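> I am attaching a structure below and will ask some questions about it afterwards.
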Amino acid sequence: MLRIHFTSHDLQNVRVARQPDPLWELICSVCRLETGQGPLDFGHWRRAARDRLAKDALAGRALRPLRALIPAAGYIPDFLTPPVTGGGLPAGLDALRRTPRARLTGELTRLAEARPLPTWTTSLGRPGNDTLGSLAGALAAYFRSLLEPYWPHIRTAVGNDVDLRSRTVLDGGTQALLEGLRPLARWRAPVLEVDYPTERDLYLEGRGLLLVPSFFCWRRPTALADPGLDPVLVYPVAKAPLTVARNADDGIERLLGRTRTAVLAEVASGSSRTTSEVARAVGIAMPSVSYQISVLRDGGLVASRRDGKYVLHAATPLGLRLLDTAGFSGVR
């Protein structure tokens with residue numbers, strides 16, 4: 001769990017990025033490409049990307065150095081995601097090229113503790129060497145080939161989330177904005193408890209927090225590893241409903257199956273549900289419910305978190321939107 005500690009000044013300085021950040025999307029997309037995560041959300045893009053990589057030698061060469069620096073899980077160097085300015089990819093790459101040598105050395109040393117690095121990484125930022133410029137070029141080539149064709153769709157998904165967060169702030173202020181991050185995070189004033197793979201505390205100390213909605217972020221939020229950098233929290237947005245669910249009355253059952261649809265609807269009927277509560281409501285055995293929830297979780301439709309001796313399940317924004325589009329009533 002990541003615990004983000006707010007002061008009263010921090011609460012006055014919570015912002016939401018208005019558009020997707022190209023480098024955050026790029027880094028997260030490399031992680032999605034390397035795994036089978038999120039088959040409903042990313043399966044089509046992943047298949048198209050792998051087909052493009054097989055045909056586009058330039059894109060394939062660009063991906064190789066990115067794979068060296070971006071593991072599918074664990075520590076990722078912060079210099080790959082410089083401060084979000086809204087200036088697009090050129091501004092981000094320009095900031096990356098200006099990363100100080102001392103910072104590069106420190107972050108790459110930390111990465112090398114978890115995985116072996118190729119020898120070319122030792123020359124990043126070295127005076128008279130343009131390896132950092134070559135890395136920026138690889139990032140640009142990857143973006144043009146694998147992300148740019150989908151950028152209008154990514155912008156729409158992020159824009160829909162920004163509209164939702166904006167209405168939340170207008171109706172209920174900053175507290176409602178933070179509470180609206182459930183089930184990804186829970187607001188327990190003055191601490192935001194975020195679903196996170198490691199135990200960590202981040203003290204904002206008056207710097208505020210930038211919320212960055214992301215298309216390729218998946219299941220749980222992510223943040224910069226260095227607590228001394230300007231704090232950001234990158235979180236996944238709901239993706240567009242699937243075509244099969246839009247175009248047929250029974251589309252969601254055709255997609256998920258009758259039992260799995262019933263489990264999703266029950267999970268979505270309240271703020272959270274335990275496994276045993278879902279089993280009683282749907283009328284199936286606990287092992288079957290656990291399996292169905294794990295499949296829904298892998299598809300990005302359900303989020304789970306431990307609360308004491310219980311595991312609580314809640315529908316994600318994508319799960320709620322899928323049910324709503326299919327005409328289910330009674331979901332929260």
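How things are named: the first chain in the structure tokens is A, the next is B, and so on; residues count from 1 in each chain; ligands count from 1 in the order shown.
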Tell me which protein, DNA and RNA residues are within 8 Å of Val162 of chain A, counting only C-alpha atoms, leaving out same-chain ones fewer than 6 positions away, and put them as a VMD selection string.

chain A and resid 16 to 19 213

> Near segment 273-283 of chain A, counting only C-alpha atoms, which residues have an atom at most 10 Å away, once you skip same-chain residues fewer than 6 positions from it, shown as a list in words?

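The neighbour list is Thr259, Arg260, Ala262, Val263, Leu264, Ala265, Glu266, Val267, Val289, Ser290, Ile293, Ser304, Arg305, Arg306, Asp307, Tyr310, Val311, Leu312, His313, Ala314 and Ala315 of chain A.
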
> Give the answer as one residue: which of A:Thr122, A:Leu26, A:Pro317, A:Gly257 has the shortest atom-to-atom distance to Leu184 of chain A, using only C-alpha atoms?

A:Pro317

> Excluding segment 142-158 of chain A and residues on its chain fewer than 4 positions from it, collect all residues at most 7 Å away from it, counting only C-alpha atoms, and give them as a PDB file with C-alpha atoms, in the first residue's frame.


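Okay, this is what ended up in around.pdb:
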ATOM      1  CA  GLN A  19      -4.814  15.197 -21.233  1.00  0.00           C
ATOM      2  CA  PRO A  20      -2.808  11.956 -21.465  1.00  0.00           C
ATOM      3  CA  LEU A  26       4.473   4.990 -23.445  1.00  0.00           C
ATOM      4  CA  ALA A  49       1.410  -3.875 -31.944  1.00  0.00           C
ATOM      5  CA  ALA A  59       9.899  -0.026 -34.349  1.00  0.00           C
ATOM      6  CA  ALA A  62      13.287   1.071 -30.871  1.00  0.00           C
ATOM      7  CA  LEU A  63      11.682  -1.410 -28.505  1.00  0.00           C
ATOM      8  CA  ALA A 138      13.854   5.240 -29.640  1.00  0.00           C
ATOM      9  CA  VAL A 162     -11.234  14.347 -16.705  1.00  0.00           C
ATOM     10  CA  PRO A 213      -5.323   9.789 -15.741  1.00  0.00           C
ATOM     11  CA  SER A 214      -3.846   7.112 -17.982  1.00  0.00           C
ATOM     12  CA  PHE A 215      -5.162   4.736 -20.631  1.00  0.00           C
ATOM     13  CA  VAL A 237      -9.184   5.325 -16.580  1.00  0.00           C
ATOM     14  CA  ALA A 238     -12.247   3.403 -17.718  1.00  0.00           C
ATOM     15  CA  LYS A 239     -11.922   2.231 -21.298  1.00  0.00           C
ATOM     16  CA  ALA A 240     -14.647   2.462 -23.932  1.00  0.00           C
TER      17      ALA A 240
END

> Calculated over only C-alpha atoms, which of the candidates A:Ala68, A:Tyr196, A:Ala114, A:Gly133 has the smallest distance to Leu96 of chain A?

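The shortest atom-to-atom distance to Leu96 of chain A comes from A:Gly133.
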